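With PDB, C-alpha atoms inside, this is upload_22.pdb:
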ATOM      1  CA  MET A  34     154.715 144.802 208.765  1.00  0.00           C
ATOM      2  CA  ARG A  35     157.541 147.294 209.212  1.00  0.00           C
ATOM      3  CA  PHE A  36     157.257 150.758 207.726  1.00  0.00           C
ATOM      4  CA  PHE A  37     159.930 152.836 206.101  1.00  0.00           C
ATOM      5  CA  ALA A  38     162.603 152.532 208.797  1.00  0.00           C
ATOM      6  CA  MET A  39     165.266 154.318 206.757  1.00  0.00           C
ATOM      7  CA  ALA A  40     167.651 156.344 208.872  1.00  0.00           C
ATOM      8  CA  GLY A  41     168.295 159.857 207.679  1.00  0.00           C
ATOM      9  CA  TRP A  42     165.559 159.776 205.069  1.00  0.00           C
ATOM     10  CA  SER A  43     164.535 163.332 204.361  1.00  0.00           C
ATOM     11  CA  MET A  44     161.286 164.410 202.761  1.00  0.00           C
ATOM     12  CA  ASP A  45     158.657 167.073 202.874  1.00  0.00           C
ATOM     13  CA  PRO A  46     157.804 167.783 206.558  1.00  0.00           C
ATOM     14  CA  LYS A  47     154.099 166.966 206.066  1.00  0.00           C
ATOM     15  CA  LEU A  48     154.966 163.641 204.422  1.00  0.00           C
ATOM     16  CA  GLU A  49     157.473 162.860 207.150  1.00  0.00           C
ATOM     17  CA  MET A  50     154.864 163.572 209.845  1.00  0.00           C
ATOM     18  CA  THR A  51     152.361 161.364 207.999  1.00  0.00           C
ATOM     19  CA  ARG A  52     154.975 158.617 207.813  1.00  0.00           C
ATOM     20  CA  GLN A  53     155.671 158.925 211.542  1.00  0.00           C
ATOM     21  CA  TRP A  54     151.962 158.657 212.423  1.00  0.00           C
ATOM     22  CA  ILE A  55     151.572 155.569 210.233  1.00  0.00           C
ATOM     23  CA  MET A  56     154.746 153.963 211.553  1.00  0.00           C
ATOM     24  CA  ARG A  57     153.571 154.417 215.139  1.00  0.00           C
ATOM     25  CA  ALA A  58     150.085 153.129 214.292  1.00  0.00           C
ATOM     26  CA  ASP A  59     151.734 150.021 212.859  1.00  0.00           C
ATOM     27  CA  ASP A  60     153.823 149.638 216.026  1.00  0.00           C
ATOM     28  CA  ASP A  61     150.707 149.839 218.211  1.00  0.00           C
ATOM     29  CA  LEU A  62     148.907 147.221 216.113  1.00  0.00           C
ATOM     30  CA  ARG A  63     151.932 144.935 216.326  1.00  0.00           C
ATOM     31  CA  LEU A  64     152.123 145.411 220.103  1.00  0.00           C
ATOM     32  CA  ALA A  65     148.428 144.567 220.503  1.00  0.00           C
ATOM     33  CA  GLU A  66     148.896 141.419 218.432  1.00  0.00           C
ATOM     34  CA  LEU A  67     152.020 140.402 220.382  1.00  0.00           C
ATOM     35  CA  ILE A  68     150.228 140.808 223.702  1.00  0.00           C
ATOM     36  CA  GLN A  69     147.298 138.753 222.344  1.00  0.00           C
ATOM     37  CA  LYS A  70     149.663 135.850 221.648  1.00  0.00           C
ATOM     38  CA  ASP A  71     150.949 135.757 225.232  1.00  0.00           C
ATOM     39  CA  LYS A  72     149.890 132.735 227.288  1.00  0.00           C
ATOM     40  CA  ASP A  73     148.335 135.134 229.815  1.00  0.00           C
ATOM     41  CA  PRO A  74     147.360 138.227 227.757  1.00  0.00           C
ATOM     42  CA  VAL A  75     146.730 141.591 229.379  1.00  0.00           C
ATOM     43  CA  TYR A  76     143.414 142.566 227.801  1.00  0.00           C
ATOM     44  CA  TRP A  77     143.413 146.216 228.805  1.00  0.00           C
ATOM     45  CA  ALA A  78     146.817 146.663 227.124  1.00  0.00           C
ATOM     46  CA  ILE A  79     145.566 144.979 223.940  1.00  0.00           C
ATOM     47  CA  ALA A  80     142.562 147.324 223.817  1.00  0.00           C
ATOM     48  CA  PHE A  81     144.709 150.375 224.572  1.00  0.00           C
ATOM     49  CA  HIS A  82     147.176 149.632 221.764  1.00  0.00           C
ATOM     50  CA  ALA A  83     144.301 148.890 219.374  1.00  0.00           C
ATOM     51  CA  GLN A  84     142.801 152.302 220.159  1.00  0.00           C
ATOM     52  CA  GLN A  85     146.196 153.934 219.706  1.00  0.00           C
ATOM     53  CA  CYS A  86     146.636 152.247 216.317  1.00  0.00           C
ATOM     54  CA  ALA A  87     143.310 153.590 215.071  1.00  0.00           C
ATOM     55  CA  GLU A  88     143.910 157.069 216.481  1.00  0.00           C
ATOM     56  CA  LYS A  89     147.398 157.396 214.990  1.00  0.00           C
ATOM     57  CA  ALA A  90     146.395 156.002 211.594  1.00  0.00           C
ATOM     58  CA  LEU A  91     143.516 158.474 211.388  1.00  0.00           C
ATOM     59  CA  LYS A  92     145.711 161.374 212.499  1.00  0.00           C
ATOM     60  CA  GLY A  93     148.232 160.315 209.847  1.00  0.00           C
ATOM     61  CA  VAL A  94     145.711 160.499 207.022  1.00  0.00           C
ATOM     62  CA  LEU A  95     144.356 163.794 208.367  1.00  0.00           C
ATOM     63  CA  THR A  96     147.908 165.183 208.426  1.00  0.00           C
ATOM     64  CA  PHE A  97     148.435 164.052 204.830  1.00  0.00           C
ATOM     65  CA  HIS A  98     145.267 165.902 203.747  1.00  0.00           C
ATOM     66  CA  ASP A  99     145.954 169.027 205.861  1.00  0.00           C
ATOM     67  CA  ILE A 100     142.869 168.446 208.020  1.00  0.00           C
ATOM     68  CA  ARG A 101     143.263 169.571 211.622  1.00  0.00           C
ATOM     69  CA  ALA A 102     141.898 167.276 214.301  1.00  0.00           C
ATOM     70  CA  GLY A 103     143.122 169.036 217.407  1.00  0.00           C
ATOM     71  CA  LYS A 104     144.027 167.087 220.521  1.00  0.00           C
ATOM     72  CA  THR A 105     141.542 164.263 220.754  1.00  0.00           C
ATOM     73  CA  HIS A 106     141.334 160.548 221.442  1.00  0.00           C
ATOM     74  CA  ASN A 107     137.766 160.379 220.120  1.00  0.00           C
ATOM     75  CA  ILE A 108     137.796 157.832 217.307  1.00  0.00           C
ATOM     76  CA  GLU A 109     134.251 158.729 216.188  1.00  0.00           C
ATOM     77  CA  ASN A 110     135.293 162.344 215.682  1.00  0.00           C
ATOM     78  CA  LEU A 111     138.476 161.317 213.851  1.00  0.00           C
ATOM     79  CA  ILE A 112     136.454 159.017 211.579  1.00  0.00           C
ATOM     80  CA  ARG A 113     133.986 161.831 210.891  1.00  0.00           C
ATOM     81  CA  LEU A 114     136.870 164.119 209.873  1.00  0.00           C
ATOM     82  CA  SER A 115     138.607 161.401 207.829  1.00  0.00           C
ATOM     83  CA  SER A 116     135.579 159.943 206.041  1.00  0.00           C
ATOM     84  CA  PRO A 117     135.589 162.469 203.176  1.00  0.00           C
ATOM     85  CA  VAL A 118     139.114 161.338 202.203  1.00  0.00           C
ATOM     86  CA  VAL A 119     139.058 157.644 203.246  1.00  0.00           C
ATOM     87  CA  ASP A 120     136.643 155.267 201.554  1.00  0.00           C
ATOM     88  CA  GLY A 121     134.923 152.754 203.804  1.00  0.00           C
ATOM     89  CA  LEU A 122     135.433 154.442 207.172  1.00  0.00           C
ATOM     90  CA  GLU A 123     131.766 155.306 207.692  1.00  0.00           C
ATOM     91  CA  LYS A 124     130.835 151.625 207.857  1.00  0.00           C
ATOM     92  CA  LEU A 125     133.337 151.151 210.717  1.00  0.00           C
ATOM     93  CA  ASN A 126     131.992 153.989 212.859  1.00  0.00           C
ATOM     94  CA  GLU A 127     129.629 151.808 214.892  1.00  0.00           C
ATOM     95  CA  GLN A 128     132.361 149.255 215.653  1.00  0.00           C
ATOM     96  CA  ALA A 129     134.854 152.022 216.436  1.00  0.00           C
ATOM     97  CA  LYS A 130     132.718 153.673 219.137  1.00  0.00           C
ATOM     98  CA  THR A 131     134.147 151.437 221.847  1.00  0.00           C
ATOM     99  CA  LEU A 132     137.754 152.213 220.897  1.00  0.00           C
ATOM    100  CA  SER A 133     137.577 155.749 222.281  1.00  0.00           C
ATOM    101  CA  VAL A 134     136.916 154.407 225.787  1.00  0.00           C
ATOM    102  CA  TYR A 135     140.158 152.406 225.675  1.00  0.00           C
ATOM    103  CA  ALA A 136     142.283 155.532 225.198  1.00  0.00           C
ATOM    104  CA  VAL A 137     142.174 156.397 228.887  1.00  0.00           C
ATOM    105  CA  ASP A 138     139.775 154.159 230.805  1.00  0.00           C
ATOM    106  CA  SER A 139     141.594 150.932 229.936  1.00  0.00           C
ATOM    107  CA  ARG A 140     144.734 152.110 231.729  1.00  0.00           C
ATOM    108  CA  TYR A 141     143.109 152.865 235.066  1.00  0.00           C
ATOM    109  CA  PRO A 142     140.876 150.961 237.493  1.00  0.00           C
ATOM    110  CA  VAL A 143     137.272 151.785 236.686  1.00  0.00           C
ATOM    111  CA  PRO A 144     134.001 150.754 238.306  1.00  0.00           C
ATOM    112  CA  HIS A 145     132.531 149.226 235.118  1.00  0.00           C
ATOM    113  CA  GLY A 146     134.944 146.293 235.141  1.00  0.00           C
ATOM    114  CA  ASP A 147     137.762 144.783 233.156  1.00  0.00           C
ATOM    115  CA  ILE A 148     138.057 144.298 229.415  1.00  0.00           C
ATOM    116  CA  SER A 149     137.259 140.767 228.279  1.00  0.00           C
ATOM    117  CA  ASN A 150     139.127 138.618 225.785  1.00  0.00           C
ATOM    118  CA  ASN A 151     136.307 139.080 223.260  1.00  0.00           C
ATOM    119  CA  GLU A 152     136.371 142.859 223.683  1.00  0.00           C
ATOM    120  CA  ALA A 153     140.138 142.887 223.172  1.00  0.00           C
ATOM    121  CA  ILE A 154     139.837 140.725 220.041  1.00  0.00           C
ATOM    122  CA  GLU A 155     137.119 143.003 218.658  1.00  0.00           C
ATOM    123  CA  ALA A 156     139.232 146.101 219.396  1.00  0.00           C
ATOM    124  CA  VAL A 157     142.186 144.697 217.434  1.00  0.00           C
ATOM    125  CA  GLU A 158     139.974 143.672 214.511  1.00  0.00           C
ATOM    126  CA  THR A 159     138.400 147.135 214.371  1.00  0.00           C
ATOM    127  CA  ALA A 160     141.765 148.890 214.610  1.00  0.00           C
ATOM    128  CA  ARG A 161     143.168 146.690 211.842  1.00  0.00           C
ATOM    129  CA  LYS A 162     140.234 147.549 209.558  1.00  0.00           C
ATOM    130  CA  ILE A 163     140.691 151.278 210.184  1.00  0.00           C
ATOM    131  CA  PHE A 164     144.450 150.995 209.650  1.00  0.00           C
ATOM    132  CA  GLU A 165     143.961 149.127 206.358  1.00  0.00           C
ATOM    133  CA  CYS A 166     141.409 151.684 205.115  1.00  0.00           C
ATOM    134  CA  VAL A 167     143.917 154.447 205.816  1.00  0.00           C
ATOM    135  CA  LEU A 168     146.800 152.581 204.161  1.00  0.00           C
ATOM    136  CA  ASN A 169     144.701 151.965 201.060  1.00  0.00           C
ATOM    137  CA  THR A 170     144.133 155.717 200.786  1.00  0.00           C
ATOM    138  CA  LEU A 171     147.704 156.919 201.245  1.00  0.00           C
ATOM    139  CA  PRO A 172     150.431 156.715 198.624  1.00  0.00           C
ATOM    140  CA  ASP A 173     153.315 154.369 199.326  1.00  0.00           C
ATOM    141  CA  LEU A 174     155.388 156.728 201.474  1.00  0.00           C
ATOM    142  CA  LYS A 175     158.518 154.630 200.880  1.00  0.00           C
ATOM    143  CA  LYS A 176     158.438 155.445 197.183  1.00  0.00           C
ATOM    144  CA  LEU A 177     157.940 159.198 197.382  1.00  0.00           C
ATOM    145  CA  PRO A 178     160.909 161.260 196.203  1.00  0.00           C
ATOM    146  CA  GLN A 179     163.450 162.335 198.770  1.00  0.00           C
ATOM    147  CA  GLU A 180     164.523 165.949 199.054  1.00  0.00           C
TER
END
Encoded form (structure tokens):
Amino acid sequence: MRFFAMAGWSMDPKLEMTRQWIMRADDDLRLAELIQKDKDPVYWAIAFHAQQCAEKALKGVLTFHDIRAGKTHNIENLIRLSSPVVDGLEKLNEQAKTLSVYAVDSRYPVPHGDISNNEAIEAVETARKIFECVLNTLPDLKKLPQE
């Protein structure tokens, strides 16, 4: 799915920032899915991009609703902040707990081991669910009036 790639499209700055967050979340989900399809997938990269998708989608909806999240990679905290404006997020909180770890730990060697195929698959599924919840809450940003 490609989002609103219209060069020179001008809109309200808050809406444009929301659009940028959502576009980048979509890119991260697509990257995770592309890596999954590789004959020799890199599981840590799949998990990292899944986490990034969830984080950016949540920051996009928070931006749209003027809710400040601060600098954080903590998906649980972002879900807590987003839940009042996004139906269905609370039920994903338990699944989403592992995503926060992939923000940093997945990119560096750590003593607790590598990410498995099943963990990577679960990360993508969780990120996709969060992304879809957010998309179902936001208006179609392509159809909003231009300035």
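The two atoms in question, atom CA of A:Gln84 and atom CA of A:Leu132, are spaced 5.1 Å apart.
For the pair atom CA of A:Pro172 and atom CA of A:Ile55, the interatomic distance is 11.7 Å.
Counting all atoms listed in the file and comparing A:Tyr76, A:Phe164, A:Tyr135, A:Phe97, the residue that lies closest to A:Leu62 is A:Phe164.
Counting all atoms listed in the file, the residue from A:Val157, A:Lys162, A:Thr170, A:Ser133 that sits nearest to A:Ser115 is A:Thr170.
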(message) Using Å and a single decimal, report how far atom CA of A:Ala90 sits from atom CA of A:Ile148.
(response) 22.9 Å
(message) Can you pull out the residues contacting A:Arg63? Cut-off 12 Å, using all atoms listed in the file, and skip same-chain residues under 4 positions away; I want them as a PyMOL selection string.
(response) chain A and resi 34-36+56-59+67-70+79+82-83+85-86+157+160-161+164
Please identify all polymer residues within 8 Å of stretch 116-125 of chain A, counting only C-alpha atoms, omitting same-chain residues fewer than 2 positions from it, and present them as an mmCIF file with C-alpha atoms, keeping the file's coordinate frame.
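To be explicit, this is the file written out as part-v4.cif:
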data_model
loop_
_atom_site.group_PDB
_atom_site.id
_atom_site.type_symbol
_atom_site.label_atom_id
_atom_site.label_comp_id
_atom_site.auth_asym_id
_atom_site.auth_seq_id
_atom_site.Cartn_x
_atom_site.Cartn_y
_atom_site.Cartn_z
ATOM 1 C CA HIS A 98 145.267 165.902 203.747
ATOM 2 C CA ILE A 112 136.454 159.017 211.579
ATOM 3 C CA ARG A 113 133.986 161.831 210.891
ATOM 4 C CA LEU A 114 136.870 164.119 209.873
ATOM 5 C CA GLU A 127 129.629 151.808 214.892
ATOM 6 C CA GLN A 128 132.361 149.255 215.653
ATOM 7 C CA ALA A 129 134.854 152.022 216.436
ATOM 8 C CA THR A 159 138.400 147.135 214.371
ATOM 9 C CA LYS A 162 140.234 147.549 209.558
ATOM 10 C CA ILE A 163 140.691 151.278 210.184
ATOM 11 C CA CYS A 166 141.409 151.684 205.115
ATOM 12 C CA VAL A 167 143.917 154.447 205.816
ATOM 13 C CA THR A 170 144.133 155.717 200.786
#
(request) Quick one: everything within 10 Å of A:Asn150, counting all atoms listed in the file, minus sequence neighbours fewer than 2 positions away in the same chain. Send it as a ChimeraX atom specification. (result) /A:69,74-77,79-80,147-148,152-156
Axis-aligned box for all listed atoms of stretch 51-63 of chain A, 5 Å per side, centre and edges in Å to one decimal, as AutoDock Vina command-line options:
--center_x 152.3 --center_y 153.1 --center_z 213.0 --size_x 16.8 --size_y 26.4 --size_z 20.4
(message) Env of A:Val134: 10 Å cut, atoms = only C-alpha atoms, seq-sep filter 4 positions within chain, self excluded. Answer as a PyMOL selection string.
(response) chain A and resi 80-81+84+106-108+129-130+138-139
(request) May I have the protein, DNA and RNA residues with an atom at most 10 Å from (150.3, 162.5, 208.1), counting all atoms listed in the file in the file's coordinates, returned as an MDAnalysis selection string? (result) chainID A and resid 46:55 89:100 171
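When all atoms listed in the file are used to compute distances to A:Thr105, the closest of the residues A:Glu158, A:Asn169, A:Ala78, A:Ala136 turns out to be A:Ala136.
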Please, can stretch 54-79 of chain A be completed to N, CA and C atoms and returned as an mmCIF file, in the frame of the given file?
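out06.cif, freshly written:
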data_model
loop_
_atom_site.group_PDB
_atom_site.id
_atom_site.type_symbol
_atom_site.label_atom_id
_atom_site.label_comp_id
_atom_site.auth_asym_id
_atom_site.auth_seq_id
_atom_site.Cartn_x
_atom_site.Cartn_y
_atom_site.Cartn_z
ATOM 1 N N TRP A 54 153.256 159.092 211.872
ATOM 2 C CA TRP A 54 151.962 158.657 212.423
ATOM 3 C C TRP A 54 151.675 157.210 212.022
ATOM 4 N N ILE A 55 151.879 156.903 210.733
ATOM 5 C CA ILE A 55 151.572 155.569 210.233
ATOM 6 C C ILE A 55 152.521 154.529 210.833
ATOM 7 N N MET A 56 153.771 154.872 210.957
ATOM 8 C CA MET A 56 154.746 153.963 211.553
ATOM 9 C C MET A 56 154.366 153.642 213.008
ATOM 10 N N ARG A 57 153.957 154.638 213.741
ATOM 11 C CA ARG A 57 153.571 154.417 215.139
ATOM 12 C C ARG A 57 152.246 153.653 215.248
ATOM 13 N N ALA A 58 151.342 153.900 214.323
ATOM 14 C CA ALA A 58 150.085 153.129 214.292
ATOM 15 C C ALA A 58 150.403 151.656 214.055
ATOM 16 N N ASP A 59 151.304 151.397 213.139
ATOM 17 C CA ASP A 59 151.734 150.021 212.859
ATOM 18 C C ASP A 59 152.363 149.395 214.106
ATOM 19 N N ASP A 60 153.201 150.143 214.796
ATOM 20 C CA ASP A 60 153.823 149.638 216.026
ATOM 21 C C ASP A 60 152.766 149.267 217.065
ATOM 22 N N ASP A 61 151.762 150.129 217.231
ATOM 23 C CA ASP A 61 150.707 149.839 218.211
ATOM 24 C C ASP A 61 149.912 148.593 217.830
ATOM 25 N N LEU A 62 149.619 148.423 216.549
ATOM 26 C CA LEU A 62 148.907 147.221 216.113
ATOM 27 C C LEU A 62 149.758 145.979 216.375
ATOM 28 N N ARG A 63 151.032 146.067 216.081
ATOM 29 C CA ARG A 63 151.932 144.935 216.326
ATOM 30 C C ARG A 63 152.027 144.611 217.816
ATOM 31 N N LEU A 64 152.080 145.635 218.654
ATOM 32 C CA LEU A 64 152.123 145.411 220.103
ATOM 33 C C LEU A 64 150.849 144.734 220.590
ATOM 34 N N ALA A 65 149.701 145.195 220.114
ATOM 35 C CA ALA A 65 148.428 144.567 220.503
ATOM 36 C C ALA A 65 148.422 143.094 220.113
ATOM 37 N N GLU A 66 148.884 142.807 218.909
ATOM 38 C CA GLU A 66 148.896 141.419 218.432
ATOM 39 C C GLU A 66 149.899 140.565 219.214
ATOM 40 N N LEU A 67 151.036 141.140 219.568
ATOM 41 C CA LEU A 67 152.020 140.402 220.382
ATOM 42 C C LEU A 67 151.460 140.073 221.764
ATOM 43 N N ILE A 68 150.809 141.033 222.379
ATOM 44 C CA ILE A 68 150.228 140.808 223.702
ATOM 45 C C ILE A 68 149.133 139.742 223.616
ATOM 46 N N GLN A 69 148.354 139.759 222.535
ATOM 47 C CA GLN A 69 147.298 138.753 222.344
ATOM 48 C C GLN A 69 147.867 137.339 222.333
ATOM 49 N N LYS A 70 149.054 137.174 221.792
ATOM 50 C CA LYS A 70 149.663 135.850 221.648
ATOM 51 C C LYS A 70 150.259 135.323 222.956
ATOM 52 N N ASP A 71 150.375 136.164 223.955
ATOM 53 C CA ASP A 71 150.949 135.757 225.232
ATOM 54 C C ASP A 71 150.067 134.680 225.877
ATOM 55 N N LYS A 72 150.679 133.798 226.642
ATOM 56 C CA LYS A 72 149.890 132.735 227.288
ATOM 57 C C LYS A 72 148.920 133.297 228.324
ATOM 58 N N ASP A 73 149.218 134.468 228.860
ATOM 59 C CA ASP A 73 148.335 135.134 229.815
ATOM 60 C C ASP A 73 148.190 136.603 229.390
ATOM 61 N N PRO A 74 147.412 136.870 228.314
ATOM 62 C CA PRO A 74 147.360 138.227 227.757
ATOM 63 C C PRO A 74 146.739 139.255 228.706
ATOM 64 N N VAL A 75 147.234 140.462 228.602
ATOM 65 C CA VAL A 75 146.730 141.591 229.379
ATOM 66 C C VAL A 75 145.737 142.328 228.482
ATOM 67 N N TYR A 76 144.449 142.090 228.716
ATOM 68 C CA TYR A 76 143.414 142.566 227.801
ATOM 69 C C TYR A 76 143.314 144.077 227.721
ATOM 70 N N TRP A 77 143.507 144.764 228.856
ATOM 71 C CA TRP A 77 143.413 146.216 228.805
ATOM 72 C C TRP A 77 144.512 146.783 227.918
ATOM 73 N N ALA A 78 145.699 146.175 227.941
ATOM 74 C CA ALA A 78 146.817 146.663 227.124
ATOM 75 C C ALA A 78 146.552 146.406 225.639
ATOM 76 N N ILE A 79 145.935 145.285 225.326
ATOM 77 C CA ILE A 79 145.566 144.979 223.940
ATOM 78 C C ILE A 79 144.603 146.048 223.433
#
